[in-house]
Structure formats: structure tokens, C-alpha cells
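S.K.: The structure file my_file_38.cif (mmCIF, C-alpha atoms and all ligand atoms) is provided below.
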data_upload
#
loop_
_atom_site.label_atom_id
_atom_site.label_comp_id
_atom_site.auth_asym_id
_atom_site.auth_seq_id
_atom_site.Cartn_x
_atom_site.Cartn_y
_atom_site.Cartn_z
CA MET A 285 80.94 116.82 85.39
CA GLU A 286 84.58 116.27 84.55
CA ARG A 287 86.19 113.40 86.39
CA LYS A 288 89.27 114.02 88.53
CA ARG A 289 92.22 111.95 87.44
CA LEU A 290 93.44 110.14 90.55
CA LEU A 291 96.59 108.15 91.27
CA TYR A 292 96.73 105.89 94.32
CA LEU A 293 100.38 105.53 95.29
CA VAL A 294 100.57 102.28 97.21
CA SER A 295 103.76 101.28 99.04
CA SER A 296 104.72 98.55 101.46
CA ASP A 297 107.25 100.98 102.96
CA PRO A 298 106.28 103.36 105.79
CA LEU A 299 107.13 106.37 103.63
CA VAL A 300 105.72 106.99 100.16
CA SER A 301 108.43 108.71 98.13
CA PRO A 302 107.79 112.38 97.33
CA PHE A 303 109.76 111.72 94.14
CA ASP A 304 106.88 109.64 92.76
CA VAL A 305 104.25 112.03 94.18
CA ASN A 306 105.86 115.01 92.44
CA MET A 307 106.37 113.11 89.17
CA ALA A 308 102.70 112.09 89.15
CA TYR A 309 101.41 115.64 89.67
CA ASP A 310 103.77 116.92 87.00
CA ALA A 311 102.53 114.21 84.61
CA GLY A 312 99.01 115.65 84.95
CA PHE A 313 97.17 113.75 87.71
CA ASP A 314 94.69 115.93 89.58
CA ALA A 315 95.35 114.21 92.90
CA VAL A 316 97.87 111.69 94.20
CA ILE A 317 96.76 109.71 97.23
CA PRO A 318 99.52 107.97 99.20
CA TYR A 319 98.92 104.65 100.95
CA ALA A 320 101.91 103.58 103.08
CA SER A 321 102.72 100.32 104.92
CA ILE A 322 100.36 98.29 102.70
CA ASP A 323 100.78 94.57 102.26
CA ALA A 324 99.54 92.56 99.32
CA SER A 325 96.59 91.10 101.24
CA MET A 326 95.10 94.62 101.50
CA VAL A 327 95.31 95.28 97.75
CA PRO A 328 92.11 93.52 96.54
CA GLY A 329 89.96 95.52 99.00
CA LEU A 330 91.66 98.73 97.97
CA VAL A 331 91.10 97.97 94.28
CA GLN A 332 87.42 97.10 94.80
CA ASP A 333 86.72 100.31 96.72
CA ILE A 334 88.36 102.36 93.97
CA MET A 335 86.45 100.53 91.19
CA PHE A 336 82.98 100.54 92.70
CA SER A 337 83.05 104.12 94.00
CA ARG A 338 83.58 105.57 90.52
CA GLY A 339 81.62 103.24 88.26
CA ALA A 340 82.88 101.74 85.01
CA LYS A 341 83.55 105.10 83.36
CA GLY A 342 85.15 106.62 86.42
CA ALA A 343 87.40 103.63 86.89
CA ARG A 344 89.27 104.69 83.77
CA PHE A 345 90.28 107.89 85.56
CA SER A 346 91.73 105.98 88.50
CA SER A 347 95.18 104.37 88.50
CA LEU A 348 97.33 102.54 91.02
CA PHE A 349 101.12 102.77 91.32
CA PHE A 350 102.91 100.14 93.41
CA SER A 351 106.22 100.76 95.13
CA SER A 352 108.33 98.93 97.70
CA SER A 353 111.96 98.66 98.70
CA ARG A 354 111.49 94.94 97.94
CA VAL A 355 110.97 94.00 94.30
CA ALA A 356 109.05 90.78 95.07
CA VAL A 357 106.62 92.62 97.36
CA ALA A 358 105.84 95.25 94.70
CA GLU A 359 105.32 92.50 92.11
CA THR A 360 103.03 90.60 94.49
CA MET A 361 100.94 93.74 95.02
CA LEU A 362 100.70 94.23 91.24
CA LYS A 363 99.64 90.61 90.81
CA ALA A 364 96.99 90.99 93.52
CA ALA A 365 95.62 94.10 91.78
CA ARG A 366 95.54 92.43 88.37
CA GLY A 367 93.71 89.48 89.85
CA SER A 368 91.08 91.79 91.37
CA LEU A 369 90.12 93.60 88.17
CA PHE A 370 87.27 92.57 85.93
CA PRO A 371 85.44 94.31 83.07
CA PRO A 372 84.01 96.86 82.82
CA PHE A 373 85.90 98.13 85.88
CA LEU A 374 89.47 98.46 84.65
CA LEU A 375 92.13 100.59 86.30
CA GLY A 376 95.58 101.58 85.05
CA LEU A 377 98.37 99.84 86.98
CA MET A 378 102.07 100.64 87.29
CA VAL A 379 104.89 99.07 89.30
CA ASP A 380 108.23 100.76 89.98
CA PRO A 381 109.76 99.49 93.23
CA LYS A 382 111.56 102.45 94.84
CA GLY A 383 112.18 103.82 91.33
CA GLY A 384 114.25 100.73 90.54
CA TYR A 385 112.61 99.76 87.24
CA THR A 386 112.72 103.16 85.60
CA THR A 387 116.28 103.76 86.89
CA ALA A 388 117.53 100.36 85.71
CA ALA A 389 115.86 100.81 82.32
CA ALA A 390 117.62 104.17 81.88
CA LEU A 391 120.92 102.75 83.12
CA TRP A 392 120.95 99.76 80.78
CA ALA A 393 119.68 101.68 77.72
CA ARG A 394 122.41 104.29 78.13
CA VAL A 395 125.12 101.69 78.87
CA ALA A 396 124.13 99.55 75.88
CA ALA A 397 124.17 102.59 73.56
CA LEU A 398 127.56 103.74 74.85
CA GLY A 399 128.98 100.21 74.62
CA ARG A 400 127.92 100.01 70.98
CA ALA A 401 129.22 103.47 70.14
CA ARG A 402 132.62 102.85 71.75
CA GLY A 403 133.16 99.35 70.40
CA VAL A 404 132.82 97.61 73.77
CA GLY A 405 130.32 95.21 72.25
CA GLN A 406 126.71 94.42 71.48
CA PRO A 407 124.54 94.11 74.62
CA GLY A 408 124.06 90.36 74.17
CA ARG A 409 127.81 89.71 74.19
CA LEU A 410 128.74 91.78 77.23
CA LYS A 411 130.05 90.50 80.55
CA VAL A 412 128.34 92.67 83.13
CA VAL A 413 129.03 93.08 86.84
CA VAL A 414 126.18 94.61 88.82
CA ALA A 415 128.05 95.86 91.87
CA ALA A 416 126.10 96.01 95.15
CA GLY A 417 123.20 94.72 93.06
CA THR A 418 120.87 93.58 95.86
CA GLY A 419 118.72 96.76 95.89
CA THR A 420 115.79 97.41 93.58
CA VAL A 421 117.94 99.16 90.97
CA GLY A 422 120.56 96.39 90.93
CA ARG A 423 118.02 93.56 90.69
CA ALA A 424 116.14 95.26 87.87
CA ALA A 425 119.35 96.17 86.02
CA ALA A 426 120.58 92.58 86.27
CA ALA A 427 117.24 91.32 84.94
CA ILE A 428 117.19 93.72 81.98
CA ALA A 429 120.83 93.10 81.04
CA GLY A 430 120.34 89.34 81.34
CA ARG A 431 117.18 89.49 79.26
CA ASP A 432 119.25 91.14 76.52
CA GLY A 433 121.61 88.15 76.60
CA ALA A 434 124.43 89.69 78.65
CA ALA A 435 126.34 87.40 81.06
CA VAL A 436 125.52 88.97 84.41
CA THR A 437 127.30 88.67 87.75
CA LEU A 438 125.57 90.30 90.73
CA THR A 439 127.55 91.17 93.85
CA SER A 440 126.76 91.78 97.48
CA ARG A 441 128.98 92.16 100.52
CA ASN A 442 127.88 88.65 101.41
CA LEU A 443 127.21 85.67 99.20
CA ALA A 444 123.88 84.74 100.82
CA SER A 445 122.34 88.11 99.86
CA ALA A 446 123.69 87.88 96.30
CA ALA A 447 122.28 84.34 96.02
CA GLU A 448 118.87 85.47 97.35
CA ALA A 449 118.77 88.26 94.75
CA ALA A 450 119.76 85.86 91.97
CA GLU A 451 116.97 83.46 93.00
CA GLU A 452 114.42 86.28 93.02
CA ILE A 453 115.53 87.51 89.58
CA ALA A 454 115.17 83.98 88.19
CA ALA A 455 111.73 83.54 89.77
CA LEU A 456 110.29 86.91 88.77
CA PHE A 457 111.95 87.56 85.42
CA GLY A 458 113.22 84.18 84.23
CA VAL A 459 116.78 85.49 84.01
CA THR A 460 119.88 83.69 85.30
CA VAL A 461 122.57 85.76 87.01
CA VAL A 462 125.67 84.58 88.86
CA PRO A 463 125.83 85.64 92.52
CA ARG A 464 129.25 86.63 93.92
CA ALA A 465 130.49 88.02 97.22
CA ALA A 466 132.43 91.29 97.01
CA PRO A 467 132.91 92.37 100.61
CA GLY A 468 135.25 95.21 99.66
CA GLU A 469 137.04 97.08 96.92
CA LYS A 470 139.70 94.40 96.45
CA GLU A 471 137.19 91.70 95.48
CA LEU A 472 135.11 94.06 93.38
CA SER A 473 138.21 95.27 91.48
CA VAL A 474 139.00 91.71 90.41
CA LEU A 475 135.46 91.21 89.11
CA ALA A 476 135.48 94.63 87.40
CA ALA A 477 138.78 93.82 85.66
CA GLY A 478 137.20 90.76 84.04
CA ALA A 479 134.00 92.52 82.91
CA ASP A 480 133.07 94.62 79.89
CA VAL A 481 130.59 96.64 81.93
CA VAL A 482 130.41 97.63 85.59
CA LEU A 483 127.09 98.91 86.90
CA ALA A 484 127.52 100.49 90.34
CA THR A 485 124.11 100.19 92.01
CA GLY A 486 125.07 100.56 95.68
CA ALA A 487 123.26 102.56 98.32
CA ALA A 488 123.30 106.37 98.18
CA GLY A 489 126.53 107.85 99.52
CA VAL A 490 128.52 104.60 99.44
CA GLN A 491 131.77 104.44 97.47
CA LEU A 492 132.40 101.05 95.87
CA LEU A 493 135.53 101.69 93.78
CA SER A 494 138.16 104.38 94.42
CA ARG A 495 139.83 106.51 91.76
CA ALA A 496 143.00 104.40 92.15
CA ALA A 497 141.09 101.16 91.58
CA ILE A 498 139.37 102.58 88.50
CA ALA A 499 142.74 103.74 87.09
CA THR A 500 143.87 100.10 86.96
CA LEU A 501 140.95 99.05 84.72
CA LYS A 502 141.68 98.36 81.09
CA GLY A 503 139.37 99.15 78.17
CA PRO A 504 137.31 98.66 76.25
CA LYS A 505 134.86 98.97 79.09
CA VAL A 506 131.82 100.96 80.22
CA ILE A 507 131.44 101.87 83.88
CA ALA A 508 128.25 103.47 85.16
CA ASP A 509 127.20 104.80 88.54
CA VAL A 510 123.62 105.54 89.63
CA ASN A 511 124.57 106.98 93.03
CA ALA A 512 124.18 110.77 92.86
CA VAL A 513 124.87 111.30 96.57
CA PRO A 514 128.52 112.01 97.48
CA PRO A 515 130.66 110.06 97.90
CA HIS A 516 129.62 108.50 94.59
CA GLY A 517 129.80 104.77 93.91
CA LEU A 518 132.68 105.15 91.45
CA GLU A 519 135.07 107.85 92.63
CA ALA A 520 136.43 108.81 89.21
CA VAL A 521 132.96 109.18 87.67
CA ARG A 522 131.23 112.56 87.96
CA PRO A 523 127.42 112.64 88.03
CA GLN A 524 127.27 114.53 84.71
CA ASP A 525 129.68 112.18 82.86
CA SER A 526 128.14 110.90 79.65
CA GLY A 527 130.75 108.81 77.87
CA THR A 528 133.80 110.48 79.45
CA GLU A 529 137.01 108.42 79.12
CA VAL A 530 138.18 108.07 82.74
CA ALA A 531 140.99 105.57 82.02
CA PRO A 532 142.31 104.36 78.64
CA GLY A 533 139.31 102.83 76.86
CA VAL A 534 137.14 103.06 79.98
CA PHE A 535 134.02 105.16 79.31
CA ALA A 536 131.90 106.49 82.14
CA LEU A 537 128.26 107.31 82.73
CA GLY A 538 127.31 109.26 85.83
CA ALA A 539 124.16 109.41 87.93
CA MET A 540 122.78 112.63 86.47
CA ALA A 541 123.19 111.41 82.89
CA ILE A 542 121.27 108.27 83.83
CA GLY A 543 118.81 110.17 86.03
CA ASP A 544 117.86 112.48 83.17
CA LEU A 545 116.61 109.51 81.12
CA LYS A 546 115.01 107.86 84.20
CA PHE A 547 113.00 111.03 84.75
CA LYS A 548 111.77 111.01 81.14
CA ILE A 549 110.84 107.30 81.29
CA GLU A 550 108.85 107.66 84.51
CA SER A 551 107.13 110.79 83.24
CA ALA A 552 106.17 109.12 79.93
CA LEU A 553 104.85 106.00 81.69
CA LEU A 554 102.77 108.06 84.12
CA LYS A 555 101.30 109.92 81.14
CA ASP A 556 100.45 106.52 79.60
CA LEU A 557 98.37 105.79 82.71
CA LEU A 558 96.41 108.96 81.97
CA THR A 559 96.04 108.69 78.21
CA ALA A 560 96.20 105.07 76.99
CA GLU A 561 92.93 103.99 75.39
CA THR A 562 92.85 100.75 77.35
CA PRO A 563 94.04 101.02 80.96
CA PRO A 564 97.62 99.74 80.81
CA VAL A 565 99.69 97.49 83.08
CA ILE A 566 103.12 99.13 83.25
CA ASP A 567 106.00 96.97 84.47
CA LEU A 568 109.75 96.42 84.04
CA GLU A 569 109.36 95.46 80.38
CA SER A 570 107.34 98.65 79.73
CA ALA A 571 110.15 100.71 81.28
CA ARG A 572 112.76 98.88 79.20
CA ARG A 573 110.88 99.49 75.95
CA ARG A 574 110.18 103.12 76.77
CA ALA A 575 113.87 103.74 77.52
CA LEU A 576 114.83 102.44 74.09
CA ASP A 577 112.09 104.52 72.39
CA LEU A 578 113.25 107.68 74.14
CA LEU A 579 116.92 107.10 73.25
CA GLU A 580 116.07 106.39 69.60
CA MET A 581 113.90 109.47 69.41
CA LYS A 582 116.82 111.49 70.77
CA SER A 583 119.30 110.14 68.23
CA THR A 584 117.01 110.62 65.18
N1 LIG B 601 120.32 108.21 89.19
C1 LIG B 601 119.03 108.02 89.43
O1 LIG B 601 118.15 108.48 88.71
C2 LIG B 601 118.61 107.18 90.60
C3 LIG B 601 117.26 106.88 90.83
C4 LIG B 601 116.93 106.04 91.89
C5 LIG B 601 117.94 105.57 92.71
N2 LIG B 601 119.22 105.94 92.47
C6 LIG B 601 120.34 105.43 93.26
O2 LIG B 601 120.51 104.07 92.90
C7 LIG B 601 121.24 103.42 93.93
C8 LIG B 601 120.60 102.10 94.23
O3 LIG B 601 119.33 102.32 94.81
P1 LIG B 601 118.66 101.11 95.62
O4 LIG B 601 117.45 101.66 96.27
O5 LIG B 601 118.56 99.94 94.73
O6 LIG B 601 119.84 100.87 96.68
P2 LIG B 601 119.83 100.33 98.17
O7 LIG B 601 118.84 99.26 98.27
O8 LIG B 601 119.75 101.47 99.12
O9 LIG B 601 121.32 99.75 98.24
C9 LIG B 601 121.80 98.79 97.31
C10 LIG B 601 122.81 97.90 97.98
O10 LIG B 601 123.94 98.65 98.39
C11 LIG B 601 124.64 97.84 99.33
N3 LIG B 601 125.21 98.65 100.41
C12 LIG B 601 124.54 99.33 101.38
N4 LIG B 601 125.41 99.92 102.22
C13 LIG B 601 126.65 99.59 101.79
C14 LIG B 601 127.97 99.87 102.24
N5 LIG B 601 128.18 100.64 103.31
N6 LIG B 601 129.01 99.35 101.55
C15 LIG B 601 128.82 98.59 100.45
N7 LIG B 601 127.59 98.28 99.97
C16 LIG B 601 126.52 98.78 100.63
C17 LIG B 601 123.64 96.85 99.90
O11 LIG B 601 124.01 95.56 99.40
P3 LIG B 601 124.52 94.35 100.33
O12 LIG B 601 124.03 94.60 101.73
O13 LIG B 601 123.90 93.17 99.67
O14 LIG B 601 126.01 94.37 100.22
C18 LIG B 601 122.33 97.27 99.27
O15 LIG B 601 121.44 96.20 99.02
C19 LIG B 601 121.28 104.41 95.10
O16 LIG B 601 122.55 105.02 95.14
C20 LIG B 601 120.20 105.41 94.75
O17 LIG B 601 120.44 106.68 95.32
C21 LIG B 601 119.57 106.70 91.43
#
Could you take the file, read its structure, and then write that structure out as C-alpha cells?
M.R.:
Amino acid sequence: MERKRLLYLVSSDPLVSPFDVNMAYDAGFDAVIPYASIDASMVPGLVQDIMFSRGAKGARFSSLFFSSSRVAVAETMLKAARGSLFPPFLLGLMVDPKGGYTTAAALWARVAALGRARGVGQPGRLKVVVAAGTGTVGRAAAAIAGRDGAAVTLTSRNLASAAEAAEEIAALFGVTVVPRAAPGEKELSVLAAGADVVLATGAAGVQLLSRAAIATLKGPKVIADVNAVPPHGLEAVRPQDSGTEVAPGVFALGAMAIGDLKFKIESALLKDLLTAETPPVIDLESARRRALDLLEMKST
């Protein structure tokens, strides 16, 4: 009898995102089972019931995907699952808190490629501002950019939140970022003026910089916005922009251009859960590497 390929979508949030459900079905899973409002203490029991009900062979056809609007919570759930596995019962595991890892991986891969192409600089030499960076996308983007050697400043409307995010990024990913308060456009404009790259990672439908503020920026610079919901994070940047010059020497990436790569990364990683010979553990680093692979494949 052929085994059904199952994905358990486990979230600490009350709502499991239909985005991930749809992506998983489209990647080829036979069934996607959502578990909402889960905390890390429930994960070992969940893992054991999945393992033992399907036997060693069946375990290979069962995977878990962890999500949360809080990066640390998703990572703690992943850690709890890893700690509960033992041979021969091995399950595929993936973590992508509220889509933040795959989105940040797409964002940074596209920004780094555009920065190189337009002479803004090599990733490791860039000064990067992650604006409104306290969400899952901002934290992950700051971690990936910092890991590449960029000097990263992460903003929030209040310093305490920026500092909390910086501490979490250091603890989880070993990356140092500088926390700064940017309560409004005025403060963010000053930080943007001094940066090579601005990553707008604010909440959906929240404008961070107006067209007028963006017009004052001087190149060479890359500005990128992940917010696809109007009003966008950067007013002068359209969702489909992919290297458009929006001010002299200021090159823009919009949410759809980034989202297109995010979609491909998540799809490829979900397929890895189904096909990898050894059940994989898919995390932020996996998303980062897959983003680079997909961009290189596109350019060759
Ligand atoms: N393009 C894609 O493929 C894709 C995929 C996934 C997500 N997204 C988008 O990525 C963005 C980030 O997602 P996320 O889940 O990480 O974001 P989030 O947690 O919803 O928001 C990020 C931060 O925005 C700030 N913020 C909220 N309301 C604000 C306001 N009125 N004014 C100024 N700042 C405000 C908050 O920071 P403070 O409270 O610390 O100031 C918050 O922590 C969203 O726009 C989302 O739609 C895009």
C-alpha cells in the first residue's frame, strides 16, 4: 500500500496560514494537517505520536513544519522536535516563522545581486538599515545580511523593541545588529541617507517612507520593500519594480519581485521535505542557500 505523504503544519499562532497550506499541497503533499495554538512543550508528544503510528518506514513520509509570529518560539519548537527524534524514526522538519525566513532569504539574495550589479557594493561591505525590522521578516533579514558581513542597523518605533530584536538575533543566529529607534519618517530618513541599503520590512499596509523622502536619497543605494499591501512601505517603489531607478543612483526592488523568489524558495524547500534521501532539517540557512542557488540558476 502506498503511503500518504503528510505534512503537519504546527503553529503557536491561533491561525495556521493558508499560504503555507496551499504551498504544501502544491509541492505534492497528499494531506496537510494544521495544528494551531501549539506551544513547544506539546511538540515532543506530537512528534512521538506521528513517529510511532507510522513505523520507521512510514515516518519518512511524515514531515513537520513550524510557524509562529515569534521567531524564538518557532525555533524552540524546532529544537524540541529535533530533540525528540531518534533512529530509525526520522521525520523531515522545516521552520519558517510566518514566512519570514523564506521572504528574508529572497529579499537579501535579490538585494545583494542588485547591489553588485549596480556598483553599490559587495554584500559584506554594505551598510544596511532594516526598517521596522522587529517582525519575522525583519529579524531574519537582519540575521542573513549580518551573516554575510554587512553592518546592520535594525529599527523599531521604540528603542526597547529594537533592542529586544537585536538580542534575539544575537542569541539565535550569532549575529550582531545595532538597534535604533525610528518613531517616524524623519528619523528613518536620516538613517536611510547614511545607508547603502534600506530594507523596508514593516507591517502590511504601513508606509514607512514617502515619495518625497525617497527623492532626497542619494545613490548608489538599493531600497527594497516587502510590503505588497497598499499603501506600500516605500511610496516610490512599485511592487513589480526589479532594479528600477527611483532617484539618481537609487535602485528599487518591490514586493512582487521579492515575493516571486520567496515563492520558489518555499516551494523548493517543501519538495526537499518530500524527496531528500535523509529526512532534512530546513532552517534559515537552508532558505539562504536555496535563494542563492535559485538566483544563480536563473542567471546561467
Ligand atoms: N513579499 C513577500 O513575499 C512577503 C512575504 C511575507 C510577508 N511579507 C510582508 O513582509 C512584511 C513584514 O512581515 P512581518 O510579518 O515580519 O511584519 P509584522 O510583524 O506584521 O510587522 C513588522 C513591524 O512593523 C512595525 N509596524 C507595525 N505597525 C506599524 C505602524 N503603524 N507604523 C510603523 N511601523 C509599524 C512593527 O514594528 P515596531 O512595533 O517595532 O515599530 C512590526 O514589528 C509585511 O508587510 C508582510 O506583508 C511579504
S.K.: Go ahead and compute the interatomic distance for CA of Ala465 (chain A) and CA of Val534 (chain A), in Å to one decimal.
M.R.: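 Between these atoms lies a distance of 23.8 Å.
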S.K.: Choose the residue, out of A:Glu569, A:Glu469, A:Glu359, A:Glu561, that has the smallest atom-to-atom separation from ligand LIG 601 (chain B); count only C-alpha atoms and all ligand atoms.
M.R.: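 Counting only C-alpha atoms and all ligand atoms, the residue closest to ligand LIG 601 (chain B) is A:Glu469.
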S.K.: Between A:Gly503, A:Gly543, A:Pro523, A:Gly533, which has the minimum distance to ligand LIG 601 (chain B) (counting only C-alpha atoms and all ligand atoms)?
M.R.: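 Ranking A:Gly503, A:Gly543, A:Pro523, A:Gly533 by distance to ligand LIG 601 (chain B), first place goes to A:Gly543.
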S.K.: Would you mind reading off the distance between CA of Ala520 (chain A) and atom C13 of ligand LIG 601 (chain B), one decimal, in Å?
M.R.: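 CA of Ala520 (chain A) sits 18.4 Å away from atom C13 of ligand LIG 601 (chain B).
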S.K.: Return the single residue from A:Ala531, A:Val513, A:Ala488, A:Arg441 that is closest to Thr500 (chain A), with distances computed using only C-alpha atoms.
M.R.: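 Checking each candidate against Thr500 (chain A), we get A:Ala531 as the closest.
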S.K.: Around all listed atoms of region 458-464 of chain A, padded 4 Å per side, what centre and edge lengths does the axis-aligned box have in Å to one decimal, as AutoDock Vina command-line options?
M.R.:
--center_x 121.2 --center_y 85.2 --center_z 89.0 --size_x 24.0 --size_y 10.9 --size_z 17.9
S.K.: Set the cut-off to 6 Å, count only C-alpha atoms and all ligand atoms, and list whatever residues fall near ligand LIG 601 (chain B) as a list in words.
M.R.: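 Protein and nucleic-acid residues within 6 Å of ligand LIG 601 (chain B): Gly383, Thr387, Ala416, Gly417, Thr418, Gly419, Thr420, Val421, Gly422, Ser440, Arg441, Ser445, Thr485, Gly486, Ala487, Ala488, Val490, Val510, Asn511, Ala512, Ala539, Met540, Ile542, Gly543 and Lys546 of chain A.
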S.K.: Considering only C-alpha atoms, state which residue in the set A:Ala447, A:Val395, A:Asp480, A:Asn442 is at the smallest distance from Leu579 (chain A).
M.R.: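 The shortest atom-to-atom distance to Leu579 (chain A) comes from A:Val395.
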